[in-house]
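Q: Input data.cif, format and content: mmCIF, C-alpha atoms and all ligand atoms; chains and numbers go by the auth columns.
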data_protein
loop_
_atom_site.group_PDB
_atom_site.id
_atom_site.type_symbol
_atom_site.label_atom_id
_atom_site.label_comp_id
_atom_site.label_asym_id
_atom_site.label_seq_id
_atom_site.Cartn_x
_atom_site.Cartn_y
_atom_site.Cartn_z
_atom_site.B_iso_or_equiv
_atom_site.auth_seq_id
_atom_site.auth_asym_id
ATOM 1 C CA MET A 1 0.000 0.000 0.000 0.00 116 A
ATOM 2 C CA PRO A 2 1.380 3.413 -0.935 0.00 117 A
ATOM 3 C CA ARG A 3 2.238 5.725 1.912 0.00 118 A
ATOM 4 C CA GLN A 4 -0.773 7.804 2.704 0.00 119 A
ATOM 5 C CA ARG A 5 -0.293 11.521 2.466 0.00 120 A
ATOM 6 C CA GLU A 6 -3.635 13.130 1.982 0.00 121 A
ATOM 7 C CA VAL A 7 -7.252 12.500 2.816 0.00 122 A
ATOM 8 C CA LEU A 8 -10.020 13.074 0.302 0.00 123 A
ATOM 9 C CA VAL A 9 -12.771 15.320 1.656 0.00 124 A
ATOM 10 C CA LEU A 10 -16.327 14.914 0.382 0.00 125 A
ATOM 11 C CA ASN A 11 -19.121 17.371 0.806 0.00 126 A
ATOM 12 C CA ALA A 12 -22.193 16.180 2.727 0.00 127 A
ATOM 13 C CA SER A 13 -23.675 15.573 -0.731 0.00 128 A
ATOM 14 C CA TRP A 14 -20.829 13.117 -1.504 0.00 129 A
ATOM 15 C CA GLU A 15 -19.155 15.324 -4.095 0.00 130 A
ATOM 16 C CA SER A 16 -15.413 15.577 -3.848 0.00 131 A
ATOM 17 C CA LEU A 17 -14.262 18.902 -2.416 0.00 132 A
ATOM 18 C CA ASN A 18 -10.525 18.777 -1.843 0.00 133 A
ATOM 19 C CA ARG A 19 -7.684 16.892 -0.229 0.00 134 A
ATOM 20 C CA VAL A 20 -6.274 17.729 3.167 0.00 135 A
ATOM 21 C CA SER A 21 -3.443 16.460 5.332 0.00 136 A
ATOM 22 C CA LEU A 22 -4.124 13.585 7.684 0.00 137 A
ATOM 23 C CA HIS A 23 -3.647 15.999 10.565 0.00 138 A
ATOM 24 C CA ARG A 24 -6.318 18.347 9.200 0.00 139 A
ATOM 25 C CA ALA A 25 -8.698 15.454 8.574 0.00 140 A
ATOM 26 C CA LEU A 26 -8.276 14.364 12.192 0.00 141 A
ATOM 27 C CA THR A 27 -9.202 17.818 13.429 0.00 142 A
ATOM 28 C CA TYR A 28 -12.424 17.521 11.393 0.00 143 A
ATOM 29 C CA LEU A 29 -13.161 14.174 13.041 0.00 144 A
ATOM 30 C CA VAL A 30 -12.286 15.360 16.545 0.00 145 A
ATOM 31 C CA GLY A 31 -14.475 18.431 16.031 0.00 146 A
ATOM 32 C CA GLU A 32 -17.294 16.226 14.694 0.00 147 A
ATOM 33 C CA ARG A 33 -17.264 18.202 11.474 0.00 148 A
ATOM 34 C CA ALA A 34 -16.715 15.094 9.361 0.00 149 A
ATOM 35 C CA GLU A 35 -17.233 11.353 9.484 0.00 150 A
ATOM 36 C CA ILE A 36 -15.086 8.556 8.131 0.00 151 A
ATOM 37 C CA VAL A 37 -16.118 7.108 4.782 0.00 152 A
ATOM 38 C CA ASP A 38 -13.088 4.912 4.185 0.00 153 A
ATOM 39 C CA ARG A 39 -10.087 4.002 6.307 0.00 154 A
ATOM 40 C CA VAL A 40 -6.740 2.239 6.172 0.00 155 A
ATOM 41 C CA PRO A 41 -7.499 -1.287 7.415 0.00 156 A
ATOM 42 C CA GLY A 42 -6.019 -2.262 10.775 0.00 157 A
ATOM 43 C CA ARG A 43 -4.398 1.062 11.551 0.00 158 A
ATOM 44 C CA THR A 44 -5.200 3.656 14.164 0.00 159 A
ATOM 45 C CA ILE A 45 -3.746 6.994 15.077 0.00 160 A
ATOM 46 C CA ARG A 46 -3.871 8.934 18.343 0.00 161 A
ATOM 47 C CA ALA A 47 -5.586 12.304 18.395 0.00 162 A
ATOM 48 C CA ALA A 48 -7.206 14.250 21.233 0.00 163 A
ATOM 49 C CA GLY A 49 -6.538 11.393 23.674 0.00 164 A
ATOM 50 C CA THR A 50 -8.333 8.771 21.586 0.00 165 A
ATOM 51 C CA HIS A 51 -7.372 6.208 18.969 0.00 166 A
ATOM 52 C CA TRP A 52 -8.903 6.922 15.596 0.00 167 A
ATOM 53 C CA PRO A 53 -9.064 4.841 12.444 0.00 168 A
ATOM 54 C CA VAL A 54 -6.725 6.305 9.810 0.00 169 A
ATOM 55 C CA PRO A 55 -9.073 7.879 7.265 0.00 170 A
ATOM 56 C CA THR A 56 -8.538 7.834 3.506 0.00 171 A
ATOM 57 C CA ILE A 57 -11.881 9.527 2.746 0.00 172 A
ATOM 58 C CA VAL A 58 -13.992 11.675 5.072 0.00 173 A
ATOM 59 C CA ARG A 59 -17.342 13.318 4.492 0.00 174 A
ATOM 60 C CA LEU A 60 -18.379 16.652 5.943 0.00 175 A
ATOM 61 C CA VAL A 61 -21.370 16.440 8.243 0.00 176 A
ATOM 62 C CA ARG A 62 -22.775 19.743 7.061 0.00 177 A
ATOM 63 C CA TYR A 63 -23.136 20.736 3.433 0.00 178 A
ATOM 64 C CA VAL A 64 -20.674 23.383 2.333 0.00 179 A
ATOM 65 C CA ARG A 65 -21.756 25.722 -0.433 0.00 180 A
ATOM 66 C CA VAL A 66 -19.044 25.842 -3.032 0.00 181 A
ATOM 67 C CA GLN A 67 -18.428 29.350 -4.237 0.00 182 A
ATOM 68 C CA VAL A 68 -18.543 29.649 -7.982 0.00 183 A
ATOM 69 C CA THR A 69 -17.004 32.984 -8.640 0.00 184 A
ATOM 70 C CA ARG A 70 -18.061 35.106 -11.576 0.00 185 A
ATOM 71 C CA ARG A 71 -14.603 36.535 -11.709 0.00 186 A
ATOM 72 C CA PRO A 72 -12.589 35.068 -14.573 0.00 187 A
ATOM 73 C CA VAL A 73 -10.361 32.260 -13.423 0.00 188 A
ATOM 74 C CA ARG A 74 -6.717 33.067 -13.953 0.00 189 A
ATOM 75 C CA CYS A 75 -5.346 31.032 -16.807 0.00 190 A
ATOM 76 C CA THR A 76 -2.463 28.765 -15.839 0.00 191 A
ATOM 77 C CA ARG A 77 -0.737 25.886 -17.568 0.00 192 A
ATOM 78 C CA LYS A 78 -2.010 23.449 -14.948 0.00 193 A
ATOM 79 C CA GLY A 79 -5.503 24.916 -15.199 0.00 194 A
ATOM 80 C CA VAL A 80 -5.591 24.298 -18.958 0.00 195 A
ATOM 81 C CA LEU A 81 -4.451 20.698 -18.484 0.00 196 A
ATOM 82 C CA ARG A 82 -7.120 20.151 -15.838 0.00 197 A
ATOM 83 C CA ARG A 83 -9.853 21.822 -17.875 0.00 198 A
ATOM 84 C CA ASP A 84 -9.074 19.446 -20.736 0.00 199 A
ATOM 85 C CA GLY A 85 -8.810 16.458 -18.397 0.00 200 A
ATOM 86 C CA PHE A 86 -5.174 15.903 -19.464 0.00 201 A
ATOM 87 C CA ARG A 87 -6.459 14.800 -22.868 0.00 202 A
ATOM 88 C CA CYS A 88 -4.754 15.925 -26.026 0.00 203 A
ATOM 89 C CA ALA A 89 -7.061 18.317 -27.895 0.00 204 A
ATOM 90 C CA PHE A 90 -5.826 16.979 -31.239 0.00 205 A
ATOM 91 C CA CYS A 91 -5.674 13.179 -30.899 0.00 206 A
ATOM 92 C CA GLY A 92 -7.740 12.642 -27.742 0.00 207 A
ATOM 93 C CA ARG A 93 -5.095 10.559 -25.996 0.00 208 A
ATOM 94 C CA SER A 94 -4.848 10.934 -22.231 0.00 209 A
ATOM 95 C CA GLY A 95 -1.675 11.924 -20.468 0.00 210 A
ATOM 96 C CA ALA A 96 -1.224 15.230 -22.295 0.00 211 A
ATOM 97 C CA ASP A 97 1.354 17.268 -20.438 0.00 212 A
ATOM 98 C CA THR A 98 2.058 20.212 -22.708 0.00 213 A
ATOM 99 C CA ILE A 99 -0.108 23.127 -23.734 0.00 214 A
ATOM 100 C CA ASP A 100 -0.477 24.406 -27.266 0.00 215 A
ATOM 101 C CA HIS A 101 -1.240 27.903 -28.507 0.00 216 A
ATOM 102 C CA VAL A 102 -3.969 27.237 -31.095 0.00 217 A
ATOM 103 C CA LEU A 103 -3.049 30.446 -32.885 0.00 218 A
ATOM 104 C CA PRO A 104 0.732 30.453 -32.466 0.00 219 A
ATOM 105 C CA ARG A 105 2.286 33.146 -30.359 0.00 220 A
ATOM 106 C CA SER A 106 4.367 34.222 -33.368 0.00 221 A
ATOM 107 C CA ARG A 107 1.082 35.185 -35.083 0.00 222 A
ATOM 108 C CA GLY A 108 -0.131 37.166 -32.105 0.00 223 A
ATOM 109 C CA GLY A 109 -1.925 34.293 -30.369 0.00 224 A
ATOM 110 C CA HIS A 110 -2.587 35.171 -26.749 0.00 225 A
ATOM 111 C CA SER A 111 -1.913 33.051 -23.674 0.00 226 A
ATOM 112 C CA GLY A 112 -5.498 32.867 -22.432 0.00 227 A
ATOM 113 C CA TRP A 113 -8.131 30.174 -21.939 0.00 228 A
ATOM 114 C CA LEU A 114 -9.556 30.657 -25.438 0.00 229 A
ATOM 115 C CA ASN A 115 -6.262 30.091 -27.218 0.00 230 A
ATOM 116 C CA LEU A 116 -4.737 27.305 -25.137 0.00 231 A
ATOM 117 C CA VAL A 117 -5.399 23.574 -25.216 0.00 232 A
ATOM 118 C CA ALA A 118 -3.805 20.512 -23.664 0.00 233 A
ATOM 119 C CA ALA A 119 -1.666 18.592 -26.145 0.00 234 A
ATOM 120 C CA CYS A 120 0.497 15.503 -26.105 0.00 235 A
ATOM 121 C CA ARG A 121 4.112 16.027 -27.048 0.00 236 A
ATOM 122 C CA PRO A 122 3.928 14.334 -30.490 0.00 237 A
ATOM 123 C CA CYS A 123 0.922 16.452 -31.550 0.00 238 A
ATOM 124 C CA ASN A 124 2.474 19.583 -30.124 0.00 239 A
ATOM 125 C CA SER A 125 5.699 19.149 -32.043 0.00 240 A
ATOM 126 C CA ARG A 126 3.850 18.070 -35.208 0.00 241 A
ATOM 127 C CA LYS A 127 1.720 21.205 -35.139 0.00 242 A
ATOM 128 C CA ALA A 128 4.743 23.344 -34.325 0.00 243 A
ATOM 129 C CA ASP A 129 4.401 26.997 -35.268 0.00 244 A
ATOM 130 C CA ARG A 130 1.286 26.581 -37.424 0.00 245 A
ATOM 131 C CA THR A 131 -2.452 26.916 -37.067 0.00 246 A
ATOM 132 C CA PRO A 132 -4.409 23.638 -36.853 0.00 247 A
ATOM 133 C CA ALA A 133 -5.635 24.149 -40.445 0.00 248 A
ATOM 134 C CA GLU A 134 -2.123 24.672 -41.752 0.00 249 A
ATOM 135 C CA ALA A 135 -0.940 21.571 -39.938 0.00 250 A
ATOM 136 C CA GLY A 136 -3.887 19.539 -41.210 0.00 251 A
ATOM 137 C CA MET A 137 -5.017 18.895 -37.625 0.00 252 A
ATOM 138 C CA ARG A 138 -8.419 19.300 -36.067 0.00 253 A
ATOM 139 C CA LEU A 139 -9.344 20.402 -32.579 0.00 254 A
ATOM 140 C CA LEU A 140 -11.573 17.801 -30.953 0.00 255 A
ATOM 141 C CA THR A 141 -12.921 20.347 -28.480 0.00 256 A
ATOM 142 C CA ALA A 142 -13.004 24.109 -28.621 0.00 257 A
ATOM 143 C CA PRO A 143 -11.054 25.908 -25.923 0.00 258 A
ATOM 144 C CA ARG A 144 -13.300 27.568 -23.346 0.00 259 A
ATOM 145 C CA VAL A 145 -13.178 29.527 -20.134 0.00 260 A
ATOM 146 C CA PRO A 146 -13.840 27.091 -17.298 0.00 261 A
ATOM 147 C CA ALA A 147 -16.095 27.729 -14.342 0.00 262 A
ATOM 148 C CA SER A 148 -13.884 28.097 -11.301 0.00 263 A
ATOM 149 C CA TYR A 149 -15.095 24.899 -9.681 0.00 264 A
ATOM 150 C CA GLN A 150 -13.905 22.845 -12.629 0.00 265 A
ATOM 151 C CA VAL A 151 -10.396 23.977 -11.913 0.00 266 A
ATOM 152 C CA GLY A 152 -10.628 23.855 -8.131 0.00 267 A
ATOM 153 C CA TRP A 153 -12.392 20.576 -7.500 0.00 268 A
ATOM 154 C CA VAL A 154 -10.353 17.454 -7.268 0.00 269 A
ATOM 155 C CA GLN A 155 -10.508 14.588 -9.690 0.00 270 A
ATOM 156 C CA LEU A 156 -10.815 11.265 -7.919 0.00 271 A
ATOM 157 C CA THR A 157 -8.069 8.737 -8.484 0.00 272 A
ATOM 158 C CA VAL A 158 -9.039 5.248 -9.614 0.00 273 A
ATOM 159 C CA GLU A 159 -8.245 3.993 -6.114 0.00 274 A
ATOM 160 C CA GLU A 160 -10.451 6.646 -4.493 0.00 275 A
ATOM 161 C CA THR A 161 -13.298 5.917 -6.896 0.00 276 A
ATOM 162 C CA HIS A 162 -13.083 2.273 -5.940 0.00 277 A
ATOM 163 C CA ARG A 163 -12.964 3.001 -2.205 0.00 278 A
ATOM 164 C CA LEU A 164 -15.846 5.433 -2.448 0.00 279 A
ATOM 165 C CA ARG A 165 -18.051 3.029 -4.370 0.00 280 A
ATOM 166 C CA ARG A 166 -17.324 0.298 -1.828 0.00 281 A
ATOM 167 C CA ALA A 167 -18.189 2.626 1.073 0.00 282 A
ATOM 168 C CA GLN A 168 -21.449 3.665 -0.572 0.00 283 A
ATOM 169 C CA GLU A 169 -22.396 0.059 -1.244 0.00 284 A
ATOM 170 C CA GLN A 170 -21.794 -0.775 2.411 0.00 285 A
ATOM 171 C CA LEU A 171 -24.041 2.102 3.438 0.00 286 A
ATOM 172 C CA LEU A 172 -26.851 0.780 1.269 0.00 287 A
ATOM 173 C CA ASN A 173 -26.689 -2.707 2.773 0.00 288 A
HETATM 174 ZN ZN ZN B . -2.026 14.247 -29.340 0.00 301 A
#
Would you mind writing the structure in this file as structure tokens?

A:
Amino acid sequence: MPRQREVLVLNASWESLNRVSLHRALTYLVGERAEIVDRVPGRTIRAAGTHWPVPTIVRLVRYVRVQVTRRPVRCTRKGVLRRDGFRCAFCGRSGADTIDHVLPRSRGGHSGWLNLVAACRPCNSRKADRTPAEAGMRLLTAPRVPASYQVGWVQLTVEETHRLRRAQEQLLN
């Protein structure tokens, strides 16, 4: 089992909110602000004079309204990759880790949400300093300005998805 670093926090509605340190998650539990959804089997940790299961996923007891700001979200490289789900905008493969200026910078293309897409390295170097049309490539999705929550909320890992589904199934039984 990989060393546990962070605990996934769910809203009371079961949506993923963020990840926090184990220490922070324990303060939620001690303060009765959250309950354990999933834990590391057979392990406990001491906090506030009691032994607690070591949580991997906790759920807030009270629903937290997530602020969706109207303010434009600042465009960052990581934000573009997240918006596009780390999928290459040209070939659709996952694991894209570069960003491409749709209209190249040399032609006055700006570095904003509407001109940046996630791209895999082969597509990025194939397109080079050309427009998609010039390179004979097509954008699978149009670049867009994301709502802030799409950038801020956490994507569940495969392991977390599995753990969460198991916990929900246990609740139903
Ligand atoms: Zn690609």

Q: Near Thr272 of chain A, counting all atoms listed in the file, which residues have an atom at most 12 Å away, once you skip same-chain residues fewer than 4 positions from it, shown as a list of chain:residue names?

A: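 Listing them by chain and then by number gives A:Val122, A:Leu123, A:Ser131, A:Arg134, A:Ile172, A:Thr276, A:His277, A:Arg278, A:Leu279.
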
Q: Neighbours of ligand ZN 301 (chain A) at 12 Å or closer, counting all atoms listed in the file: which residues, as a PyMOL selection string?

A: chain A and resi 201-215+232-242+252-255

Q: Can you tell me how far atom CA of Ser128 of chain A sits from atom CA of Leu175 of chain A, in Å to one decimal?

A: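 Atom CA of Ser128 of chain A sits 8.6 Å away from atom CA of Leu175 of chain A.
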
Q: Evaluate the PyMOL selection byres (((chain A and resi 146-162) around 6) and not hetatm) against this structure - the residues, as a PyMOL selection string, please.

A: chain A and resi 142-145+163-176

Q: Between atom CA of Gly251 of chain A and atom CA of Arg198 of chain A, what is the spacing in Å?

A: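 Between atom CA of Arg198 of chain A and atom CA of Gly251 of chain A the gap is 24.2 Å.
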
Q: For Asp199 of chain A, which residue out of A:Ala250, A:Ala257, A:Leu141, A:Leu218 is the nearest one, using only C-alpha atoms?

A: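 Once distances to Asp199 of chain A are computed over only C-alpha atoms, the minimum belongs to A:Ala257.
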
Q: Of the residues A:Val273, A:Val195, A:Arg280, A:Gln285, which is the one nearest to Trp129 of chain A, using all atoms listed in the file?

A: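 The answer is A:Arg280, which sits nearest to Trp129 of chain A.
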
Q: Between A:Ala248, A:Val188, A:Leu196, A:Leu287, which residue has the minimum interatomic distance to Pro261 of chain A, considering only C-alpha atoms?

A: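 Ranking A:Ala248, A:Val188, A:Leu196, A:Leu287 by distance to Pro261 of chain A, first place goes to A:Val188.
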
Q: What separation in Å, quoted to one decimal, exists between atom CA of Arg220 of chain A and atom CA of Gly200 of chain A?

A: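 Rounded to one decimal, the two atoms are 23.3 Å apart.
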
Q: Quick check on the file I pasted: which residues fall under the PyMOL selection byres (((chain A and resi 190) around 9) and not hetatm)? Write them as a list in words.

A: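 Evaluating the PyMOL selection byres (((chain A and resi 190) around 9) and not hetatm) on this file yields Pro187, Val188, Arg189, Thr191, Arg192, Lys193, Gly194, Val195, Ser226, Gly227, Trp228 and Val260 of chain A.
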
Q: Would you compute, for all listed atoms of segment 132-150 of chain A, the axis-aligned bounding box grown by 8 Å on each side, and then report its centre and edge lengths in Å rounded to one decimal, as lines of an AutoDock Vina configuration file?

A:
center_x = -10.4
center_y = 15.1
center_z = 7.1
size_x = 29.9
size_y = 23.5
size_z = 35.0

Q: Please determine, counting only C-alpha atoms, which residue among A:Leu132, A:Leu231, A:Leu286, A:Leu271 has the shortest atom-to-atom distance to Val181 of chain A.

A: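 Checking each of A:Leu132, A:Leu231, A:Leu286, A:Leu271 against Val181 of chain A, counting only C-alpha atoms, the winner is A:Leu132.
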